[in-house]
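Just work.csv here, CSV, C-alpha atoms and all ligand atoms:
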```
chain,number,residue,atom,x,y,z
T,7,MET,CA,23.3,-23.1,10.8
T,8,THR,CA,20.1,-21.2,11.6
T,9,ASP,CA,16.6,-22.5,12.6
T,10,THR,CA,15.1,-20.7,9.6
T,11,MET,CA,16.9,-22.9,7.1
T,12,THR,CA,15.0,-25.6,5.3
T,13,THR,CA,16.2,-29.2,5.7
T,14,GLN,CA,17.5,-29.2,2.2
T,15,GLU,CA,19.6,-26.0,2.9
T,16,ARG,CA,21.0,-27.6,6.0
T,17,ILE,CA,21.8,-30.8,4.1
T,18,SER,CA,23.6,-28.9,1.3
T,19,GLN,CA,25.6,-26.9,3.9
T,20,ASN,CA,27.2,-29.9,5.6
T,21,ASP,CA,30.4,-31.3,4.2
T,22,GLY,CA,29.3,-34.5,2.4
T,23,SER,CA,25.8,-33.3,1.6
T,24,LEU,CA,24.5,-36.1,3.7
T,25,PRO,CA,21.6,-35.6,6.2
T,26,THR,CA,22.3,-35.9,9.9
T,27,VAL,CA,20.3,-38.6,11.8
T,28,LEU,CA,20.4,-38.3,15.6
T,29,MET,CA,19.9,-41.6,17.5
T,30,ILE,CA,18.1,-41.2,20.8
T,31,VAL,CA,18.3,-44.3,22.9
T,32,GLY,CA,15.6,-44.3,25.6
T,33,SER,CA,17.7,-46.5,28.0
T,34,LEU,CA,20.8,-45.4,29.8
T,35,ARG,CA,21.7,-48.9,30.7
T,36,LYS,CA,25.3,-49.8,29.6
T,37,GLN,CA,24.3,-53.1,28.0
T,38,SER,CA,21.0,-51.7,26.7
T,39,PHE,CA,19.3,-53.8,24.0
T,40,ASN,CA,18.0,-50.6,22.6
T,41,ARG,CA,21.5,-49.1,22.3
T,42,GLN,CA,22.5,-52.3,20.5
T,43,LEU,CA,19.6,-51.9,18.2
T,44,ALA,CA,20.6,-48.3,17.5
T,45,GLU,CA,24.0,-49.5,16.6
T,46,VAL,CA,22.6,-52.0,14.1
T,47,ALA,CA,20.4,-49.3,12.7
T,48,ALA,CA,23.4,-47.0,12.4
T,49,THR,CA,25.2,-49.5,10.2
T,50,THR,CA,22.2,-49.5,7.8
T,51,LEU,CA,22.7,-45.7,7.3
T,52,GLU,CA,26.4,-46.0,6.5
T,53,GLY,CA,27.3,-43.8,3.5
T,54,LYS,CA,23.8,-42.4,3.4
T,55,ALA,CA,23.7,-40.2,6.6
T,56,ASN,CA,25.9,-38.7,9.2
T,57,VAL,CA,24.8,-40.7,12.3
T,58,ARG,CA,25.2,-39.2,15.8
T,59,MET,CA,24.2,-40.8,19.2
T,60,LEU,CA,22.7,-38.4,21.6
T,61,ASP,CA,24.4,-38.3,25.0
T,62,TRP,CA,21.7,-37.3,27.4
T,63,LYS,CA,22.7,-39.2,30.6
T,64,ASP,CA,23.2,-35.9,32.6
T,65,VAL,CA,19.8,-34.3,31.7
T,66,PRO,CA,18.2,-33.6,35.0
T,67,ILE,CA,14.6,-34.3,36.0
T,68,PHE,CA,12.4,-31.6,34.6
T,69,ASN,CA,11.5,-28.8,36.9
T,70,GLN,CA,9.8,-25.7,35.5
T,71,ASP,CA,11.6,-23.6,38.1
T,72,ASP,CA,14.9,-24.6,36.4
T,73,GLU,CA,14.0,-24.0,32.8
T,74,PHE,CA,15.8,-20.7,32.2
T,75,PRO,CA,18.7,-20.7,31.8
T,76,ALA,CA,18.6,-24.3,30.6
T,77,PRO,CA,20.9,-26.7,32.4
T,78,LYS,CA,24.1,-27.3,30.4
T,79,PRO,CA,23.2,-31.0,29.5
T,80,VAL,CA,19.8,-29.8,28.3
T,81,ALA,CA,21.3,-27.1,26.1
T,82,ALA,CA,23.7,-29.6,24.7
T,83,ALA,CA,21.0,-32.1,23.9
T,84,ARG,CA,18.9,-29.3,22.3
T,85,ALA,CA,21.8,-28.2,20.1
T,86,GLU,CA,22.2,-31.8,18.8
T,87,VAL,CA,18.5,-32.1,18.1
T,88,ALA,CA,18.5,-28.7,16.3
T,89,ALA,CA,21.4,-29.7,14.1
T,90,ALA,CA,19.8,-33.0,13.1
T,91,ASP,CA,17.7,-33.5,10.0
T,92,GLY,CA,15.9,-36.5,11.5
T,93,LEU,CA,15.6,-38.3,14.9
T,94,TRP,CA,15.6,-42.1,15.3
T,95,ILE,CA,14.2,-43.0,18.8
T,96,PHE,CA,14.8,-46.4,20.3
T,97,THR,CA,12.6,-47.0,23.2
T,98,PRO,CA,12.2,-49.8,25.7
T,99,GLU,CA,8.8,-50.4,27.2
T,100,TYR,CA,8.4,-49.8,30.9
T,101,ASN,CA,5.1,-50.8,32.6
T,102,HIS,CA,3.4,-50.8,29.2
T,103,GLY,CA,4.4,-47.2,28.5
T,104,VAL,CA,7.3,-45.0,27.7
T,105,PRO,CA,10.2,-45.1,30.2
T,106,GLY,CA,10.1,-42.1,32.5
T,107,PRO,CA,13.7,-40.9,31.6
T,108,LEU,CA,12.9,-40.8,27.9
T,109,GLN,CA,9.6,-38.9,28.6
T,110,ASN,CA,11.6,-36.5,30.7
T,111,LEU,CA,14.0,-35.9,27.9
T,112,LEU,CA,11.2,-35.3,25.4
T,113,ASP,CA,9.6,-32.8,27.9
T,114,TRP,CA,12.8,-30.8,28.0
T,115,LEU,CA,13.1,-30.9,24.2
T,116,SER,CA,9.5,-29.8,23.9
T,117,ARG,CA,10.0,-26.5,25.7
T,118,PRO,CA,10.7,-23.1,24.0
T,119,LEU,CA,14.2,-21.6,24.3
T,120,GLU,CA,15.3,-18.7,26.4
T,121,ASP,CA,15.0,-16.2,23.6
T,122,GLY,CA,11.4,-17.3,22.9
T,123,ALA,CA,12.5,-19.4,19.9
T,124,PRO,CA,10.3,-22.5,19.3
T,125,ALA,CA,11.3,-25.8,20.8
T,126,VAL,CA,14.0,-27.6,18.7
T,127,ILE,CA,12.0,-30.8,18.4
T,128,LEU,CA,9.0,-29.2,16.7
T,129,GLY,CA,8.4,-30.5,13.2
T,130,LYS,CA,11.4,-32.8,13.2
T,131,ASN,CA,11.4,-35.9,11.0
T,132,VAL,CA,11.3,-39.0,13.3
T,133,THR,CA,11.1,-42.7,13.3
T,134,VAL,CA,10.8,-45.0,16.3
T,135,SER,CA,12.0,-48.5,17.0
T,136,GLY,CA,12.3,-50.5,20.1
T,137,ALA,CA,13.5,-53.8,21.7
T,138,GLY,CA,11.4,-55.3,24.5
T,139,GLY,CA,9.7,-58.3,25.9
T,140,MET,CA,6.7,-60.3,24.7
T,141,ASN,CA,4.6,-57.2,24.0
T,142,CYS,CA,7.2,-56.1,21.4
T,143,VAL,CA,7.1,-52.5,22.7
T,144,ARG,CA,3.6,-52.0,21.3
T,145,ASP,CA,2.3,-50.0,24.3
T,146,ALA,CA,5.4,-47.8,24.5
T,147,PHE,CA,4.9,-47.0,20.8
T,148,ALA,CA,1.2,-46.3,21.3
T,149,THR,CA,2.0,-44.0,24.3
T,150,LEU,CA,4.6,-42.1,22.2
T,151,ILE,CA,2.4,-41.4,19.2
T,152,PRO,CA,0.2,-38.6,20.7
T,153,THR,CA,3.3,-36.8,21.9
T,154,LEU,CA,5.0,-37.0,18.5
T,155,ASN,CA,1.9,-35.7,16.9
T,156,PHE,CA,1.4,-32.9,19.4
T,157,LEU,CA,5.0,-31.8,18.7
T,158,LYS,CA,4.1,-31.8,14.9
T,159,MET,CA,6.9,-34.3,14.2
T,160,VAL,CA,6.9,-35.9,10.8
T,161,ILE,CA,6.7,-39.7,11.5
T,162,ALA,CA,8.3,-41.7,8.7
T,163,PRO,CA,6.3,-44.6,7.1
T,164,SER,CA,7.2,-48.0,8.4
T,165,SER,CA,8.0,-46.6,11.8
T,166,PHE,CA,7.5,-48.6,15.0
T,167,THR,CA,9.6,-51.7,14.4
T,168,GLY,CA,9.5,-53.8,17.6
T,169,VAL,CA,12.3,-56.3,18.1
T,170,PRO,CA,11.2,-59.0,20.6
T,171,LEU,CA,13.7,-60.1,23.3
T,172,ALA,CA,13.8,-63.8,24.3
T,173,ARG,CA,14.8,-65.2,27.6
T,174,GLU,CA,18.2,-66.1,26.2
T,175,ASN,CA,18.9,-62.5,25.3
T,176,PHE,CA,18.5,-61.5,29.0
T,177,MET,CA,21.0,-64.3,30.0
T,178,ASP,CA,23.9,-62.7,28.1
T,179,ASN,CA,22.6,-59.2,27.4
T,180,LYS,CA,23.2,-59.7,23.7
T,181,LEU,CA,20.6,-58.6,21.1
T,182,THR,CA,19.9,-61.1,18.4
T,183,MET,CA,17.9,-60.3,15.3
T,184,GLY,CA,16.6,-62.3,12.4
T,185,LYS,CA,16.8,-61.3,8.8
T,186,ALA,CA,13.2,-60.0,8.7
T,187,GLU,CA,13.9,-57.7,11.7
T,188,ARG,CA,17.2,-56.5,10.1
T,189,ASP,CA,15.4,-55.8,6.9
T,190,ALA,CA,12.6,-54.0,8.7
T,191,ILE,CA,15.1,-51.7,10.4
T,192,ALA,CA,17.0,-51.1,7.2
T,193,HIS,CA,13.7,-50.2,5.4
T,194,GLN,CA,12.7,-47.9,8.3
T,195,GLY,CA,16.0,-46.0,7.9
T,196,GLU,CA,15.3,-45.7,4.1
T,197,MET,CA,11.9,-44.3,4.9
T,198,LEU,CA,13.3,-41.8,7.3
T,199,LEU,CA,15.8,-40.6,4.7
T,200,SER,CA,13.1,-40.3,2.1
T,201,ASN,CA,11.0,-38.2,4.4
T,202,ILE,CA,14.0,-36.0,5.2
T,203,ALA,CA,14.6,-35.5,1.4
T,204,LEU,CA,10.9,-34.6,1.0
T,205,ASP,CA,11.2,-31.9,3.7
T,206,ILE,CA,7.5,-32.3,4.8
T,207,GLN,CA,6.1,-29.6,7.0
T,208,VAL,CA,3.3,-30.5,9.4
T,209,GLN,CA,0.9,-27.6,10.0
S,301,LIG,C1,10.7,-50.6,35.3
S,301,LIG,C2,10.7,-51.6,34.2
S,301,LIG,C3,9.5,-51.9,33.6
S,301,LIG,C4,9.4,-52.8,32.5
S,301,LIG,N1,8.2,-53.0,31.9
S,301,LIG,C5,8.2,-53.7,30.8
S,301,LIG,C6,7.0,-53.8,30.0
S,301,LIG,O1,5.9,-53.2,30.3
S,301,LIG,N2,7.0,-54.5,28.8
S,301,LIG,C7,8.1,-55.2,28.4
S,301,LIG,O2,8.1,-55.8,27.3
S,301,LIG,N3,9.3,-55.1,29.1
S,301,LIG,C8,9.3,-54.4,30.3
S,301,LIG,N4,10.5,-54.3,31.0
S,301,LIG,C9,11.6,-55.1,30.6
S,301,LIG,C10,12.4,-54.4,29.5
S,301,LIG,O3,11.9,-54.7,28.2
S,301,LIG,C11,13.9,-54.8,29.6
S,301,LIG,O4,14.4,-54.4,30.9
S,301,LIG,C12,14.7,-54.2,28.5
S,301,LIG,O5,16.0,-54.8,28.6
S,301,LIG,C13,14.9,-52.7,28.6
S,301,LIG,O6,15.5,-52.2,27.5
S,301,LIG,P1,17.1,-51.9,27.5
S,301,LIG,O7,17.8,-53.2,27.4
S,301,LIG,O8,17.3,-51.1,26.3
S,301,LIG,O9,17.5,-51.2,28.8
S,301,LIG,C14,10.6,-53.5,32.1
S,301,LIG,C15,11.8,-53.2,32.7
S,301,LIG,C16,11.8,-52.3,33.7
S,301,LIG,C17,13.2,-51.9,34.3
```

Could you express the structure from this file as structure tokens?
Amino acid sequence: MTDTMTTQERISQNDGSLPTVLMIVGSLRKQSFNRQLAEVAATTLEGKANVRMLDWKDVPIFNQDDEFPAPKPVAAARAEVAAADGLWIFTPEYNHGVPGPLQNLLDWLSRPLEDGAPAVILGKNVTVSGAGGMNCVRDAFATLIPTLNFLKMVIAPSSFTGVPLARENFMDNKLTMGKAERDAIAHQGEMLLSNIALDIQVQ
């Protein structure tokens, strides 16, 4: 697999000719609602995509002095992103913005590689969802959009599905979703796959 391949070429090279969608959960909490949401989203892609969950818990705090060579967990995360046809980000909202750990991961992914090759995240297809409190993750989404645009990422239509968390959810740490929310997540996945198939390039 090389970076010069088009998405269509990468799709046709993998075994089942299915695109690969990489789920990036912006919370490292074991019982994370956003992780639960990612698992629901993954089920909607069954038979339509190879779904992978990014393991990024060991990615260090970004320090420009430590960029080259990239720390191993960073190199591993970058390899996963490079191999994916689309990213599905699940973000909580922290203090009406993007959680620091997720922003830190995006900062690592936004940097060029040792050999001068462009950052692996540039131009990737992406869609974003999130589970959060009463604000329904709106400000985290709004904070993320300029970053995704700056990175020339191709944002799928129907992105930014926010799943509200009720007080009861916090009591037992179990995500509950209504039919409308499940349908919205399923539709979002379809839109991501459509954009992957279109192989749109942002200039
Ligand atoms: C530092 C911090 C800041 C938070 N700020 C917000 C916020 O601005 N808006 C909101 O809806 N929830 C906020 N919350 C609550 C999160 O929505 C809640 O902790 C949620 O469970 C986090 O997602 P997770 O379950 O995937 O870890 C905050 C939580 C933390 C720890």

Just give me the gap between atom CA of T:Lys63 and atom C15 of ligand LIG 301 (chain S) in Å, one decimal is fine.
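Taking atom CA of T:Lys63 and atom C15 of ligand LIG 301 (chain S), their separation equals 17.9 Å.
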
Among listed residues T:Val57, T:Val65, T:Met140, T:Ala48, nearest ligand LIG 301 (chain S) (using only C-alpha atoms and all ligand atoms)
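The closest residue to ligand LIG 301 (chain S) is T:Met140.
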
Using all atoms listed in the file, which of T:Ile127, T:Leu24, T:Ala81, T:Ala148 sits nearest T:Gly53?
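Comparing T:Ile127, T:Leu24, T:Ala81, T:Ala148 against T:Gly53, the winner is T:Leu24.
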
Each chain T residue no farther than 6 Å from ligand LIG 301 (chain S), nearest pair in Å, only C-alpha atoms and all ligand atoms, as a tab-separated table:
```
residue	atom	partner	partner_atom	distance
T:Ser33	CA	S:LIG301	O9	4.8
T:Arg35	CA	S:LIG301	O9	5.2
T:Ser38	CA	S:LIG301	O7	3.6
T:Phe39	CA	S:LIG301	O7	3.8
T:Asn40	CA	S:LIG301	O8	3.8
T:Pro98	CA	S:LIG301	O6	4.5
T:Glu99	CA	S:LIG301	N2	4.8
T:Tyr100	CA	S:LIG301	N1	3.4
T:Asn101	CA	S:LIG301	O1	3.4
T:His102	CA	S:LIG301	O1	3.6
T:Gly138	CA	S:LIG301	O3	3.8
T:Gly139	CA	S:LIG301	O2	3.3
T:Met140	CA	S:LIG301	O2	5.4
T:Asn141	CA	S:LIG301	O2	5.0
T:Cys142	CA	S:LIG301	O2	6.0
T:Val143	CA	S:LIG301	O2	5.7
```

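Distances to T:Ala55 were evaluated for T:Ala162, T:Asn201, T:Ser23, T:Val87 using only C-alpha atoms, and the minimum falls at T:Ser23.
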
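With all atoms listed in the file as the atoms that count, the minimum distance from T:Gly168 to the choices T:Gln37, T:Ser135, T:Ser116, T:Thr149 is reached by T:Ser135.
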
Of the candidates T:Ala90, T:Ala146, T:Val132, T:Leu60, which shows the shortest atom-to-atom distance to T:Gly195, using only C-alpha atoms?
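Comparing T:Ala90, T:Ala146, T:Val132, T:Leu60 against T:Gly195, the winner is T:Val132.
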
Separation of atom CA of T:Leu119 from atom CA of T:Ala82, in Å and rounded to one decimal
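Result for atom CA of T:Leu119 versus atom CA of T:Ala82: 12.4 Å, one decimal.
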
Pairwise distance, atom CA of T:Gly32 with atom CA of T:Leu108, equals 5.0 Å

Using all atoms listed in the file, the best pick from T:Met29, T:Leu112, T:Ile67, T:Ile206 as closest to T:Leu51 would be T:Met29

What lies within 8 Å of T:Thr50 using only C-alpha atoms, ignoring chain neighbours under 2 positions off, as a ChimeraX atom specification?
/T:46-48,52,191-192,195

Need the neighbours of (10.1, -35.5, 0.3): which residues are at most 12 Å away, counting all atoms listed in the file, as a VMD selection string?
chain T and resid 13 to 14 131 160 162 to 163 197 to 207

Using only the atoms of stretch 77-91 of chain T listed in the file, plus 4 Å on each side, state the axis-aligned box centre and edge lengths in Å rounded to one decimal, as AutoDock Vina command-line options.
```
--center_x 20.9 --center_y -30.1 --center_z 21.2 --size_x 14.4 --size_y 14.8 --size_z 30.4
```

Write out N, CA and C atoms for stretch 30-46 of chain T, as a tab-separated table (two decimals), in the coordinates of the input.
```
chain	number	residue	atom	x	y	z
T	30	ILE	N	18.43	-41.44	19.38
T	30	ILE	CA	18.10	-41.20	20.80
T	30	ILE	C	17.69	-42.52	21.41
T	31	VAL	N	18.55	-43.04	22.27
T	31	VAL	CA	18.30	-44.30	22.90
T	31	VAL	C	17.62	-44.07	24.25
T	32	GLY	N	16.43	-44.61	24.42
T	32	GLY	CA	15.60	-44.30	25.60
T	32	GLY	C	16.00	-45.12	26.83
T	33	SER	N	17.17	-45.75	26.82
T	33	SER	CA	17.70	-46.50	28.00
T	33	SER	C	19.10	-46.06	28.22
T	34	LEU	N	19.41	-45.78	29.48
T	34	LEU	CA	20.80	-45.40	29.80
T	34	LEU	C	21.63	-46.55	30.28
T	35	ARG	N	21.06	-47.72	30.29
T	35	ARG	CA	21.70	-48.90	30.70
T	35	ARG	C	22.94	-49.22	29.82
T	36	LYS	N	24.09	-49.56	30.44
T	36	LYS	CA	25.30	-49.80	29.60
T	36	LYS	C	25.09	-50.86	28.57
T	37	GLN	N	24.44	-51.96	28.97
T	37	GLN	CA	24.30	-53.10	28.00
T	37	GLN	C	22.90	-53.06	27.36
T	38	SER	N	22.33	-51.91	27.28
T	38	SER	CA	21.00	-51.70	26.70
T	38	SER	C	20.78	-52.43	25.39
T	39	PHE	N	19.71	-53.20	25.29
T	39	PHE	CA	19.30	-53.80	24.00
T	39	PHE	C	18.98	-52.71	22.99
T	40	ASN	N	18.35	-51.66	23.50
T	40	ASN	CA	18.00	-50.60	22.60
T	40	ASN	C	19.17	-49.85	22.03
T	41	ARG	N	20.21	-49.73	22.85
T	41	ARG	CA	21.50	-49.10	22.30
T	41	ARG	C	22.04	-50.07	21.26
T	42	GLN	N	22.02	-51.38	21.53
T	42	GLN	CA	22.50	-52.30	20.50
T	42	GLN	C	21.72	-52.22	19.23
T	43	LEU	N	20.41	-52.05	19.39
T	43	LEU	CA	19.60	-51.90	18.20
T	43	LEU	C	19.91	-50.63	17.44
T	44	ALA	N	20.18	-49.57	18.17
T	44	ALA	CA	20.60	-48.30	17.50
T	44	ALA	C	21.88	-48.48	16.75
T	45	GLU	N	22.77	-49.29	17.31
T	45	GLU	CA	24.00	-49.50	16.60
T	45	GLU	C	23.83	-50.30	15.31
T	46	VAL	N	22.93	-51.27	15.37
T	46	VAL	CA	22.60	-52.00	14.10
T	46	VAL	C	21.98	-51.04	13.12
```
